[in-house]
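Below is run.cif, which holds mmCIF, C-alpha atoms.
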data_upload
#
loop_
_atom_site.group_PDB
_atom_site.id
_atom_site.type_symbol
_atom_site.label_atom_id
_atom_site.label_comp_id
_atom_site.auth_asym_id
_atom_site.auth_seq_id
_atom_site.Cartn_x
_atom_site.Cartn_y
_atom_site.Cartn_z
ATOM 1 C CA PRO A 428 32.708 4.102 -11.246
ATOM 2 C CA GLU A 429 35.867 3.050 -9.497
ATOM 3 C CA LEU A 430 35.885 3.081 -5.678
ATOM 4 C CA GLU A 431 38.227 6.078 -5.511
ATOM 5 C CA ALA A 432 35.936 8.116 -7.767
ATOM 6 C CA ALA A 433 32.827 7.311 -5.733
ATOM 7 C CA THR A 434 34.333 7.646 -2.245
ATOM 8 C CA ASP A 435 33.704 11.380 -1.845
ATOM 9 C CA LYS A 436 30.084 11.062 -3.012
ATOM 10 C CA VAL A 437 29.441 8.091 -0.715
ATOM 11 C CA LYS A 438 30.930 9.975 2.255
ATOM 12 C CA ALA A 439 28.839 13.065 1.511
ATOM 13 C CA ASP A 440 25.656 10.994 1.130
ATOM 14 C CA PHE A 441 26.388 9.157 4.366
ATOM 15 C CA LYS A 442 26.940 12.454 6.233
ATOM 16 C CA ASP A 443 23.677 13.817 4.798
ATOM 17 C CA GLN A 444 21.860 10.678 5.924
ATOM 18 C CA LEU A 445 23.295 10.940 9.457
ATOM 19 C CA ALA A 446 22.400 14.652 9.588
ATOM 20 C CA ALA A 447 18.822 13.909 8.490
ATOM 21 C CA LYS A 448 18.489 11.236 11.206
ATOM 22 C CA ALA A 449 19.859 13.629 13.831
ATOM 23 C CA ALA A 450 17.495 16.397 12.677
ATOM 24 C CA LYS A 451 14.518 14.059 12.881
ATOM 25 C CA ALA A 452 15.517 12.865 16.361
ATOM 26 C CA ALA A 453 15.944 16.477 17.538
ATOM 27 C CA ALA A 454 12.562 17.483 16.072
ATOM 28 C CA GLU A 455 10.854 14.481 17.680
ATOM 29 C CA SER A 456 12.419 15.382 21.036
ATOM 30 C CA PHE A 457 11.284 18.990 20.588
ATOM 31 C CA LEU A 458 7.732 17.869 19.800
ATOM 32 C CA ALA A 459 7.665 15.472 22.761
ATOM 33 C CA GLN A 460 8.671 18.310 25.107
ATOM 34 C CA LEU A 461 5.918 20.497 23.654
ATOM 35 C CA LYS A 462 3.364 17.750 24.177
ATOM 36 C CA LYS A 463 4.488 17.490 27.829
ATOM 37 C CA GLY A 464 3.692 21.174 28.333
ATOM 38 C CA SER A 465 6.862 23.111 27.523
ATOM 39 C CA GLU A 466 6.348 26.541 26.007
ATOM 40 C CA TRP A 467 7.156 26.928 22.308
ATOM 41 C CA GLU A 468 9.060 30.222 22.583
ATOM 42 C CA ALA A 469 11.225 29.087 25.531
ATOM 43 C CA LEU A 470 12.008 25.754 23.884
ATOM 44 C CA VAL A 471 12.898 27.432 20.576
ATOM 45 C CA LYS A 472 15.248 29.829 22.354
ATOM 46 C CA GLU A 473 16.831 27.057 24.414
ATOM 47 C CA SER A 474 17.311 24.839 21.364
ATOM 48 C CA GLN A 475 18.486 27.747 19.179
ATOM 49 C CA LEU A 476 16.115 26.744 16.407
ATOM 50 C CA LYS A 477 15.096 28.723 13.361
ATOM 51 C CA VAL A 478 11.355 29.416 13.323
ATOM 52 C CA GLU A 479 9.509 30.324 10.150
ATOM 53 C CA GLU A 480 5.830 31.101 9.813
ATOM 54 C CA THR A 481 3.778 30.268 6.770
ATOM 55 C CA ASP A 482 0.977 32.301 5.349
ATOM 56 C CA PHE A 483 -2.461 30.739 5.461
ATOM 57 C CA PHE A 484 -2.693 27.828 3.045
ATOM 58 C CA THR A 485 -5.365 25.537 1.659
ATOM 59 C CA ARG A 486 -5.763 21.789 1.544
ATOM 60 C CA GLN A 487 -5.231 21.699 -2.207
ATOM 61 C CA ASN A 488 -1.749 23.198 -2.530
ATOM 62 C CA PRO A 489 1.608 22.369 -0.968
ATOM 63 C CA VAL A 490 2.771 24.808 1.701
ATOM 64 C CA PRO A 491 5.197 27.403 0.335
ATOM 65 C CA ALA A 492 8.754 26.976 1.707
ATOM 66 C CA ILE A 493 7.940 23.402 2.811
ATOM 67 C CA GLY A 494 6.563 21.839 -0.347
ATOM 68 C CA TYR A 495 4.856 18.469 -0.503
ATOM 69 C CA VAL A 496 5.108 16.293 2.591
ATOM 70 C CA PRO A 497 3.097 13.045 2.750
ATOM 71 C CA GLY A 498 0.331 13.307 5.368
ATOM 72 C CA PHE A 499 1.090 16.939 6.207
ATOM 73 C CA GLN A 500 -2.156 18.542 5.015
ATOM 74 C CA GLU A 501 -4.285 15.859 6.639
ATOM 75 C CA ALA A 502 -2.514 16.245 9.981
ATOM 76 C CA VAL A 503 -2.364 20.040 10.177
ATOM 77 C CA PHE A 504 -5.992 20.556 9.199
ATOM 78 C CA LYS A 505 -6.989 18.521 12.270
ATOM 79 C CA LEU A 506 -5.191 20.997 14.552
ATOM 80 C CA ASN A 507 -6.950 23.803 16.419
ATOM 81 C CA GLU A 508 -6.486 26.100 19.416
ATOM 82 C CA ASN A 509 -7.035 23.192 21.833
ATOM 83 C CA ASN A 510 -4.744 20.799 19.943
ATOM 84 C CA ARG A 511 -1.886 22.898 18.545
ATOM 85 C CA TYR A 512 0.675 20.169 17.775
ATOM 86 C CA PRO A 513 0.455 17.144 15.459
ATOM 87 C CA ASP A 514 1.398 13.655 16.618
ATOM 88 C CA THR A 515 4.498 13.515 14.457
ATOM 89 C CA VAL A 516 7.195 15.602 12.833
ATOM 90 C CA PHE A 517 7.337 15.866 9.050
ATOM 91 C CA GLU A 518 10.245 15.490 6.687
ATOM 92 C CA ASN A 519 10.999 15.821 3.019
ATOM 93 C CA ASN A 520 14.002 16.759 0.889
ATOM 94 C CA LYS A 521 13.901 20.317 2.306
ATOM 95 C CA GLY A 522 14.301 19.256 5.928
ATOM 96 C CA THR A 523 12.509 18.110 9.063
ATOM 97 C CA PHE A 524 9.622 20.142 10.468
ATOM 98 C CA ALA A 525 7.904 20.417 13.830
ATOM 99 C CA VAL A 526 4.784 22.519 13.380
ATOM 100 C CA ARG A 527 2.398 24.471 15.574
ATOM 101 C CA TRP A 528 -1.117 25.635 14.788
ATOM 102 C CA GLU A 529 -1.407 29.419 15.002
ATOM 103 C CA ALA A 530 -4.754 30.455 13.569
ATOM 104 C CA TYR A 531 -7.584 29.629 11.241
ATOM 105 C CA GLU A 532 -8.817 31.930 8.509
ATOM 106 C CA GLY A 533 -12.306 31.315 7.180
ATOM 107 C CA ILE A 534 -13.331 31.629 3.588
ATOM 108 C CA ASP A 535 -13.715 34.973 1.877
ATOM 109 C CA GLU A 536 -17.500 35.245 1.570
ATOM 110 C CA LYS A 537 -17.295 37.849 -1.188
ATOM 111 C CA ALA A 538 -14.980 35.697 -3.324
ATOM 112 C CA TYR A 539 -17.103 32.619 -2.557
ATOM 113 C CA ARG A 540 -20.282 34.276 -3.817
ATOM 114 C CA LYS A 541 -18.440 35.469 -6.906
ATOM 115 C CA GLU A 542 -16.981 32.050 -7.778
ATOM 116 C CA LYS A 543 -19.846 29.858 -6.562
ATOM 117 C CA ASP A 544 -21.844 29.936 -9.812
ATOM 118 C CA GLU A 545 -18.747 29.364 -11.965
ATOM 119 C CA GLN A 546 -17.722 26.346 -9.869
ATOM 120 C CA ARG A 547 -21.264 24.979 -9.895
ATOM 121 C CA LEU A 548 -21.460 25.262 -13.678
ATOM 122 C CA SER A 549 -18.062 23.606 -14.074
ATOM 123 C CA LEU A 550 -19.097 20.665 -11.855
ATOM 124 C CA LEU A 551 -22.400 20.325 -13.698
ATOM 125 C CA GLN A 552 -20.592 20.190 -17.053
ATOM 126 C CA LYS A 553 -18.221 17.527 -15.729
ATOM 127 C CA LYS A 554 -21.169 15.427 -14.526
ATOM 128 C CA HIS A 555 -22.915 15.771 -17.894
ATOM 129 C CA LEU A 556 -19.751 14.730 -19.712
ATOM 130 C CA SER A 557 -19.312 11.741 -17.407
ATOM 131 C CA LEU A 558 -22.911 10.642 -17.948
ATOM 132 C CA PHE A 559 -22.558 11.009 -21.713
ATOM 133 C CA GLU A 560 -19.338 8.969 -21.744
ATOM 134 C CA THR A 561 -20.964 6.236 -19.645
ATOM 135 C CA TRP A 562 -23.991 6.174 -21.969
ATOM 136 C CA LEU A 563 -21.746 6.016 -25.051
ATOM 137 C CA GLU A 564 -19.633 3.184 -23.604
ATOM 138 C CA ASN A 565 -22.815 1.264 -22.792
ATOM 139 C CA LEU A 566 -24.039 1.707 -26.370
ATOM 140 C CA LYS A 567 -20.711 0.466 -27.747
ATOM 141 C CA ALA A 568 -20.709 -2.534 -25.418
ATOM 142 C CA ASN A 569 -24.209 -3.610 -26.474
ATOM 143 C CA ALA A 570 -23.912 -2.812 -30.182
ATOM 144 C CA GLU A 571 -22.798 -5.045 -32.997
ATOM 145 C CA ILE A 572 -20.373 -2.938 -34.976
ATOM 146 C CA LYS A 573 -19.222 -3.896 -38.465
ATOM 147 C CA ILE A 574 -16.691 -1.835 -40.340
ATOM 148 C CA ILE A 575 -17.154 -2.152 -44.068
ATOM 149 C CA THR A 576 -14.597 -0.722 -46.431
ATOM 150 C CA PRO A 577 -15.510 -0.336 -50.105
ATOM 151 C CA PRO A 578 -13.362 -2.312 -52.595
#
Could I get this structure in the form of C-alpha cells?
Amino acid sequence: PELEAATDKVKADFKDQLAAKAAKAAAESFLAQLKKGSEWEALVKESQLKVEETDFFTRQNPVPAIGYVPGFQEAVFKLNENNRYPDTVFENNKGTFAVRWEAYEGIDEKAYRKEKDEQRLSLLQKKHLSLFETWLENLKANAEIKIITPP
C-alpha cells in the first residue's frame, strides 16, 4: 500500500507496541516490589491495578481468561505458600500478567477412582498398538517384498 494508506495502521501498531512495553515494565516493577516484601493488596491499591482471580486449573489446559503463555504452567506449578510469586511476569496477546499463588486443590479422590481403570485401559491399549506397529515395521524392514500383478 501507499504510505498515506498505511500511516494510520503503522501509528496504531507503534502505539500498541509502546503500550505493551510500558505494561511489561510496570508489571516487572510491581513484581520486584512484591519480591522485596511489599504487600499485594496495598501495592494493587496504590498502583490502581485490576486484579482477577482464576479458578483452579490443571497443567494440561490453558488458564481461562489468560490463554496460552509460554512457560506459564511450568512456573506457576512450582509456586506454593512459601514462594508465592514467580521470577518473571508473563505476556501474550491478551496482556501482561503478574501472578500470585493463592491455594492448591488436590485431586478429587472419588473421580480418580472412577476414571483410574478407564485411563489404565486406554494407556495399555496405546502401548499394545505401539508395540504392534514397531513389530510390523521390523517385519517390513527385514522382509523381501515382491508385488506381482497378473498380466
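Remark: for A:Phe524, the closest of the candidate residues A:Leu430, A:Thr485, A:Lys477, A:Phe441 is A:Lys477 (distances computed over only C-alpha atoms).
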Taking all listed atoms of stretch 556-569 of chain A, build the axis-aligned box, pad each of the six sides by 5 Å, then write its centre and edge lengths in Å to one decimal as lines of an AutoDock Vina configuration file.
center_x = -21.8
center_y = 5.6
center_z = -22.6
size_x = 14.9
size_y = 28.3
size_z = 20.3
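Proximity ranking of A:Phe484, A:Ala432, A:Ala459, A:Gly533 relative to A:Asp514 places A:Ala459 first, based on all atoms listed in the file.
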Evaluate the PyMOL selection byres ((chain A and resi 496) around 7) against this structure - the residues, as a short mmCIF file (atom, residue, chain, number, x, y, z; two decimals) with C-alpha atoms, keeping the file's coordinate frame, please.
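And here is the file that came out, out04.cif:
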data_model
loop_
_atom_site.label_atom_id
_atom_site.label_comp_id
_atom_site.auth_asym_id
_atom_site.auth_seq_id
_atom_site.Cartn_x
_atom_site.Cartn_y
_atom_site.Cartn_z
CA GLY A 494 6.56 21.84 -0.35
CA TYR A 495 4.86 18.47 -0.50
CA PRO A 497 3.10 13.04 2.75
CA GLY A 498 0.33 13.31 5.37
CA PHE A 499 1.09 16.94 6.21
CA PHE A 517 7.34 15.87 9.05
CA GLU A 518 10.24 15.49 6.69
CA ASN A 519 11.00 15.82 3.02
#
Counting only C-alpha atoms, which residues of stretch 512-568 of chain A sit at most 10 Å from some atom of stretch 462-467 of chain A, and what is each one's closest atom pair with its distance in Å to one decimal, listed by chain and rising residue number, as CSV?
residue,atom,partner,partner_atom,distance
A:Tyr512,CA,A:Lys462,CA,7.4
A:Pro513,CA,A:Lys462,CA,9.2
A:Asp514,CA,A:Lys462,CA,8.8
A:Arg527,CA,A:Trp467,CA,8.6
- Write out as number ranges by chain the residues lying within 10 Å of A:Ala450, counting all atoms listed in the file and excluding same-chain residues fewer than 3 positions away. A: 444-447, 453-456, 518, 522-524
- Message: One number please: atom CA of A:Glu501 to atom CA of A:Glu536, in Å, one decimal.
- Response: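 Those two atoms sit 24.0 Å apart.
Across the structure, atom CA of A:Ala502 and atom CA of A:Asn488 are spaced 14.3 Å apart.
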- Query: Out of A:Val526, A:Leu461, A:Leu506, A:Leu563, which residue has the shortest atom-to-atom distance to A:Glu479 when counting all atoms listed in the file?
  - Reply: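 Once distances to A:Glu479 are computed over all atoms listed in the file, the minimum belongs to A:Val526.
Comparing the minimum interatomic distances between A:Val503 and each of A:Asp440, A:Glu529, A:Glu564, A:Glu480, counting only C-alpha atoms, we find that A:Glu529 sits nearest.
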- Item | Coordinates-based distance that separates atom CA of A:Asp443 from atom CA of A:Gln475 (Å, one decimal) | 20.7 Å
Rebuild stretch 451-471 of chain A to N, CA, C and O atoms - output it as a PDB file, keeping the file's coordinate frame, please.
ATOM      1  N   LYS A 451      15.808  14.666  12.557  1.00  0.00           N
ATOM      2  CA  LYS A 451      14.518  14.059  12.881  1.00  0.00           C
ATOM      3  C   LYS A 451      14.437  13.730  14.370  1.00  0.00           C
ATOM      4  O   LYS A 451      13.417  13.986  15.017  1.00  0.00           O
ATOM      5  N   ALA A 452      15.501  13.187  14.928  1.00  0.00           N
ATOM      6  CA  ALA A 452      15.517  12.865  16.361  1.00  0.00           C
ATOM      7  C   ALA A 452      15.366  14.134  17.201  1.00  0.00           C
ATOM      8  O   ALA A 452      14.612  14.156  18.188  1.00  0.00           O
ATOM      9  N   ALA A 453      16.047  15.210  16.806  1.00  0.00           N
ATOM     10  CA  ALA A 453      15.944  16.477  17.538  1.00  0.00           C
ATOM     11  C   ALA A 453      14.528  17.045  17.439  1.00  0.00           C
ATOM     12  O   ALA A 453      13.972  17.525  18.433  1.00  0.00           O
ATOM     13  N   ALA A 454      13.928  16.975  16.256  1.00  0.00           N
ATOM     14  CA  ALA A 454      12.562  17.483  16.072  1.00  0.00           C
ATOM     15  C   ALA A 454      11.563  16.652  16.876  1.00  0.00           C
ATOM     16  O   ALA A 454      10.626  17.201  17.469  1.00  0.00           O
ATOM     17  N   GLU A 455      11.746  15.336  16.902  1.00  0.00           N
ATOM     18  CA  GLU A 455      10.854  14.481  17.680  1.00  0.00           C
ATOM     19  C   GLU A 455      10.982  14.774  19.173  1.00  0.00           C
ATOM     20  O   GLU A 455       9.988  14.790  19.900  1.00  0.00           O
ATOM     21  N   SER A 456      12.200  15.022  19.637  1.00  0.00           N
ATOM     22  CA  SER A 456      12.419  15.382  21.036  1.00  0.00           C
ATOM     23  C   SER A 456      11.752  16.721  21.351  1.00  0.00           C
ATOM     24  O   SER A 456      11.103  16.886  22.387  1.00  0.00           O
ATOM     25  N   PHE A 457      11.904  17.670  20.454  1.00  0.00           N
ATOM     26  CA  PHE A 457      11.284  18.990  20.588  1.00  0.00           C
ATOM     27  C   PHE A 457       9.766  18.854  20.699  1.00  0.00           C
ATOM     28  O   PHE A 457       9.136  19.422  21.590  1.00  0.00           O
ATOM     29  N   LEU A 458       9.181  18.066  19.801  1.00  0.00           N
ATOM     30  CA  LEU A 458       7.732  17.869  19.800  1.00  0.00           C
ATOM     31  C   LEU A 458       7.273  17.158  21.071  1.00  0.00           C
ATOM     32  O   LEU A 458       6.240  17.520  21.652  1.00  0.00           O
ATOM     33  N   ALA A 459       8.024  16.187  21.528  1.00  0.00           N
ATOM     34  CA  ALA A 459       7.665  15.472  22.761  1.00  0.00           C
ATOM     35  C   ALA A 459       7.658  16.431  23.954  1.00  0.00           C
ATOM     36  O   ALA A 459       6.763  16.365  24.799  1.00  0.00           O
ATOM     37  N   GLN A 460       8.636  17.328  24.013  1.00  0.00           N
ATOM     38  CA  GLN A 460       8.671  18.310  25.107  1.00  0.00           C
ATOM     39  C   GLN A 460       7.482  19.260  25.036  1.00  0.00           C
ATOM     40  O   GLN A 460       6.913  19.634  26.064  1.00  0.00           O
ATOM     41  N   LEU A 461       7.095  19.634  23.822  1.00  0.00           N
ATOM     42  CA  LEU A 461       5.918  20.497  23.654  1.00  0.00           C
ATOM     43  C   LEU A 461       4.659  19.784  24.135  1.00  0.00           C
ATOM     44  O   LEU A 461       3.819  20.378  24.803  1.00  0.00           O
ATOM     45  N   LYS A 462       4.545  18.529  23.782  1.00  0.00           N
ATOM     46  CA  LYS A 462       3.364  17.750  24.177  1.00  0.00           C
ATOM     47  C   LYS A 462       3.292  17.577  25.697  1.00  0.00           C
ATOM     48  O   LYS A 462       2.210  17.412  26.244  1.00  0.00           O
ATOM     49  N   LYS A 463       4.464  17.616  26.372  1.00  0.00           N
ATOM     50  CA  LYS A 463       4.488  17.490  27.829  1.00  0.00           C
ATOM     51  C   LYS A 463       4.187  18.819  28.520  1.00  0.00           C
ATOM     52  O   LYS A 463       4.108  18.867  29.741  1.00  0.00           O
ATOM     53  N   GLY A 464       4.074  19.902  27.745  1.00  0.00           N
ATOM     54  CA  GLY A 464       3.692  21.174  28.333  1.00  0.00           C
ATOM     55  C   GLY A 464       4.719  22.280  28.261  1.00  0.00           C
ATOM     56  O   GLY A 464       4.482  23.377  28.757  1.00  0.00           O
ATOM     57  N   SER A 465       5.869  22.039  27.669  1.00  0.00           N
ATOM     58  CA  SER A 465       6.862  23.111  27.523  1.00  0.00           C
ATOM     59  C   SER A 465       6.320  24.206  26.610  1.00  0.00           C
ATOM     60  O   SER A 465       5.516  23.938  25.714  1.00  0.00           O
ATOM     61  N   GLU A 466       6.772  25.415  26.834  1.00  0.00           N
ATOM     62  CA  GLU A 466       6.348  26.541  26.007  1.00  0.00           C
ATOM     63  C   GLU A 466       7.171  26.600  24.725  1.00  0.00           C
ATOM     64  O   GLU A 466       8.386  26.430  24.753  1.00  0.00           O
ATOM     65  N   TRP A 467       6.526  26.868  23.626  1.00  0.00           N
ATOM     66  CA  TRP A 467       7.156  26.928  22.308  1.00  0.00           C
ATOM     67  C   TRP A 467       8.319  27.921  22.283  1.00  0.00           C
ATOM     68  O   TRP A 467       9.426  27.574  21.892  1.00  0.00           O
ATOM     69  N   GLU A 468       8.048  29.174  22.676  1.00  0.00           N
ATOM     70  CA  GLU A 468       9.060  30.222  22.583  1.00  0.00           C
ATOM     71  C   GLU A 468      10.305  29.884  23.420  1.00  0.00           C
ATOM     72  O   GLU A 468      11.439  30.061  22.970  1.00  0.00           O
ATOM     73  N   ALA A 469      10.094  29.421  24.654  1.00  0.00           N
ATOM     74  CA  ALA A 469      11.225  29.087  25.531  1.00  0.00           C
ATOM     75  C   ALA A 469      12.024  27.919  24.962  1.00  0.00           C
ATOM     76  O   ALA A 469      13.265  27.932  24.981  1.00  0.00           O
ATOM     77  N   LEU A 470      11.339  26.929  24.440  1.00  0.00           N
ATOM     78  CA  LEU A 470      12.008  25.754  23.884  1.00  0.00           C
ATOM     79  C   LEU A 470      12.784  26.114  22.612  1.00  0.00           C
ATOM     80  O   LEU A 470      13.888  25.617  22.396  1.00  0.00           O
ATOM     81  N   VAL A 471      12.220  26.987  21.800  1.00  0.00           N
ATOM     82  CA  VAL A 471      12.898  27.432  20.576  1.00  0.00           C
ATOM     83  C   VAL A 471      14.186  28.167  20.941  1.00  0.00           C
ATOM     84  O   VAL A 471      15.243  27.932  20.357  1.00  0.00           O
TER      85      VAL A 471
END
